[in-house]
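Visitor: Sharing a structure below in structure tokens format, with a few things to ask.
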Amino acid sequence: MQQISQFLPDEAATLAFGEAIGRAVARLPAANSSLHANLVGDLGAGKTTLVRGVLRGLGYVGRVKSPTYPLLETYKAGAFNLAHFDLYRLESPDAFIEAGFEEYFAGPGVRFVEWPDRGGSFLPEPDWAIGLKEHPEGGRDVVIDARTTAGAKLLGMLSV
């Protein structure tokens with residue numbers, strides 16, 4: 001559908017890229033808008049750092065914690081509710097349903113899912129697939145692949 005890629009030389013660039021995503025999301029009408037982005041990358045690739053930047057771009061000023069142990073952290077950022085999942089420790093795809101996580105995908109909201117493959121077929125199709133990987137000479141490469149019409153529209157609004 002539509003794709004962008006960018007080199008992020010350090011953590012500050014990853015945060016700034018996330019902030020740009022947050023600013024683009026903030027331009028959407030919160031009452032009926034949603035973004036579901038799957039985050040794919042090795043441990044330490046910068047997935048949570050990117051989400052921290054998105055929250056900053058939405059105007060959130062509080063502490064942003066990794067959801068590695070609780071599997072889910074939720075935030076109220078301006079007019080938006082953001083759910084940040086880390087499914088790495090999910091025992092099986094059925095556990096996604098048993099935890100009631102599918103409820104977070106009904107209606108408007110912003111959802112970022114780390115390790116989406118662990119949710120199996122219970123996880124809906126994302127608007128974006130975001131890949132983060134270490135660059136051979138340091139830093140990381142990010143690729144955003146829009147998977148829906150709404151995702152492509154939002155990607156077109158992204159100023160990085």
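Each chain in the structure tokens gets a letter, A, B and so on, in the order shown; residues start at 1 in every chain, and ligands are counted from 1 in the order they appear.
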Excluding stretch 33-47 of chain A and residues on its chain fewer than 3 positions from it, collect all residues at most 10 Å away from it, counting only C-alpha atoms, and give them as a PDB file with C-alpha atoms, in the first residue's frame.

Guide:
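Output (out-v1.pdb):
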```pdb
ATOM      1  CA  ASP A  10      20.551   7.103  18.150  1.00  0.00           C
ATOM      2  CA  GLU A  11      17.940   6.993  20.913  1.00  0.00           C
ATOM      3  CA  THR A  14      14.079   7.288  17.772  1.00  0.00           C
ATOM      4  CA  LEU A  15      12.270   9.473  20.307  1.00  0.00           C
ATOM      5  CA  GLY A  18       8.028   8.673  17.673  1.00  0.00           C
ATOM      6  CA  VAL A  25      -2.014  11.065  15.367  1.00  0.00           C
ATOM      7  CA  ALA A  26      -2.897  14.186  17.383  1.00  0.00           C
ATOM      8  CA  LEU A  28      -6.864  13.062  13.904  1.00  0.00           C
ATOM      9  CA  PRO A  29     -10.312  13.551  15.451  1.00  0.00           C
ATOM     10  CA  ALA A  30      -9.908  11.516  18.658  1.00  0.00           C
ATOM     11  CA  LEU A  50       9.482   4.715  19.877  1.00  0.00           C
ATOM     12  CA  VAL A  51       6.214   4.450  21.845  1.00  0.00           C
ATOM     13  CA  ARG A  52       7.640   6.812  24.489  1.00  0.00           C
ATOM     14  CA  SER A  66       7.883  -0.929  29.404  1.00  0.00           C
ATOM     15  CA  PHE A  80      -6.412   9.864  23.112  1.00  0.00           C
ATOM     16  CA  ASN A  81      -6.255   6.579  24.979  1.00  0.00           C
ATOM     17  CA  LEU A  82      -3.084   4.680  24.152  1.00  0.00           C
ATOM     18  CA  ALA A  83      -2.596   0.991  24.901  1.00  0.00           C
ATOM     19  CA  HIS A  84       0.959  -0.371  24.698  1.00  0.00           C
ATOM     20  CA  PHE A  85       1.167  -4.163  24.621  1.00  0.00           C
ATOM     21  CA  ASP A  86       4.244  -6.353  24.919  1.00  0.00           C
ATOM     22  CA  TYR A  88       6.643 -11.416  24.401  1.00  0.00           C
ATOM     23  CA  PHE A 105      -9.239  -3.113  19.852  1.00  0.00           C
ATOM     24  CA  ALA A 106     -12.950  -2.247  19.827  1.00  0.00           C
ATOM     25  CA  GLY A 107     -13.659   1.400  19.110  1.00  0.00           C
ATOM     26  CA  PRO A 108     -11.305   4.367  18.853  1.00  0.00           C
ATOM     27  CA  GLY A 109      -7.855   4.490  20.423  1.00  0.00           C
ATOM     28  CA  VAL A 110      -4.164   4.132  19.730  1.00  0.00           C
ATOM     29  CA  ARG A 111      -2.635   0.676  20.123  1.00  0.00           C
ATOM     30  CA  PHE A 112       0.990  -0.356  19.808  1.00  0.00           C
ATOM     31  CA  VAL A 113       1.738  -4.078  19.983  1.00  0.00           C
ATOM     32  CA  GLU A 114       5.217  -5.482  20.517  1.00  0.00           C
ATOM     33  CA  TRP A 115       5.703  -9.146  19.527  1.00  0.00           C
ATOM     34  CA  PRO A 116       2.347  -9.301  17.667  1.00  0.00           C
ATOM     35  CA  ASP A 117       2.988 -12.842  16.427  1.00  0.00           C
ATOM     36  CA  LEU A 123      -4.927  -9.872  16.931  1.00  0.00           C
ATOM     37  CA  PRO A 124      -6.703  -7.772  14.270  1.00  0.00           C
ATOM     38  CA  GLU A 125      -4.967  -6.566  11.117  1.00  0.00           C
ATOM     39  CA  PRO A 126      -2.842  -3.510  11.955  1.00  0.00           C
ATOM     40  CA  ASP A 127      -3.017  -0.142  10.256  1.00  0.00           C
ATOM     41  CA  TRP A 128       0.783  -0.086  10.356  1.00  0.00           C
ATOM     42  CA  ALA A 129       3.517  -2.684  10.648  1.00  0.00           C
ATOM     43  CA  ILE A 130       6.595  -0.971  12.070  1.00  0.00           C
ATOM     44  CA  GLY A 131       9.904  -2.787  11.772  1.00  0.00           C
ATOM     45  CA  LEU A 132      12.924  -1.725  13.801  1.00  0.00           C
ATOM     46  CA  LYS A 133      16.316  -3.323  13.350  1.00  0.00           C
ATOM     47  CA  GLU A 134      19.851  -2.492  14.267  1.00  0.00           C
ATOM     48  CA  HIS A 135      21.866  -0.812  11.542  1.00  0.00           C
ATOM     49  CA  GLY A 139      21.714   3.161  15.251  1.00  0.00           C
ATOM     50  CA  ARG A 140      18.659   1.507  13.769  1.00  0.00           C
ATOM     51  CA  ASP A 141      16.554   1.416  10.652  1.00  0.00           C
ATOM     52  CA  VAL A 142      12.782   1.870  10.880  1.00  0.00           C
ATOM     53  CA  VAL A 143      10.261   0.887   8.220  1.00  0.00           C
ATOM     54  CA  ILE A 144       6.544   1.706   8.450  1.00  0.00           C
ATOM     55  CA  ASP A 145       4.323  -0.312   6.150  1.00  0.00           C
ATOM     56  CA  ALA A 146       0.730   0.951   5.911  1.00  0.00           C
ATOM     57  CA  ARG A 147      -1.668  -2.001   5.774  1.00  0.00           C
ATOM     58  CA  ALA A 150      -6.612   4.690   7.255  1.00  0.00           C
ATOM     59  CA  GLY A 151      -2.992   3.687   7.892  1.00  0.00           C
ATOM     60  CA  LEU A 154      -2.010   8.718   8.458  1.00  0.00           C
TER      61      LEU A 154
END
```

Visitor: Taking the backbone alone, and naming residues the way the document does, which bits of chain A are strand (DSSP E or B) by DSSP, as a PyMOL selection string?

Guide: chain A and resi 2-8+34-40+72-77+80-86+109-114+128-134+140-146

Visitor: Show me a table, sorted first by chain and then by increasing residue number, of the residues of stretch 3-73 of chain A having an atom at most 10 Å from stretch 89-102 of chain A, each with its shortest atom pair and the distance in Å to one decimal, counting only C-alpha atoms and written as a Markdown table.

Guide:
```
| residue | atom | partner | partner_atom | distance |
| --- | --- | --- | --- | --- |
| A:Thr68 | CA | A:Arg89 | CA | 7.3 |
| A:Tyr69 | CA | A:Arg89 | CA | 7.6 |
| A:Pro70 | CA | A:Arg89 | CA | 9.2 |
| A:Leu71 | CA | A:Arg89 | CA | 7.3 |
| A:Leu72 | CA | A:Phe101 | CA | 8.7 |
```

Visitor: Taking 2 positions as the minimum chain separation for residues in the same chain, which residues sit within 8 Å of stretch 155-160 of chain A when counting only C-alpha atoms? Answer as JSON, numbers by chain.

Guide: {"A": [2, 3, 17, 20, 21, 24, 146, 151, 152, 153]}

Visitor: Could you write out that same residue set with C-alpha atoms as a PDB file, in the first residue's frame?

Guide:
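Saved file part.pdb follows:
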```pdb
ATOM      1  CA  GLN A   2       2.447   2.691   1.193  1.00  0.00           C
ATOM      2  CA  GLN A   3       5.785   2.504   3.003  1.00  0.00           C
ATOM      3  CA  PHE A  17      10.595   9.915  15.141  1.00  0.00           C
ATOM      4  CA  ALA A  20       6.458  12.934  14.811  1.00  0.00           C
ATOM      5  CA  ILE A  21       4.090   9.940  14.793  1.00  0.00           C
ATOM      6  CA  ALA A  24       0.383  13.118  13.215  1.00  0.00           C
ATOM      7  CA  ALA A 146       0.730   0.951   5.911  1.00  0.00           C
ATOM      8  CA  GLY A 151      -2.992   3.687   7.892  1.00  0.00           C
ATOM      9  CA  ALA A 152      -1.929   4.993   4.480  1.00  0.00           C
ATOM     10  CA  LYS A 153      -3.737   8.281   5.103  1.00  0.00           C
TER      11      LYS A 153
END
```

Visitor: Determine which residues of chain A DSSP labels as alpha helix (DSSP H) from the backbone of this structure, then write them out as number ranges by chain.

Guide: A: 11-26, 47-57, 93-98, 149-157

Visitor: Using only C-alpha atoms, find the one residue out of A:Arg56, A:Thr49, A:Thr148, A:Gly78 that sits nearest to A:Leu8.

Guide: A:Thr49
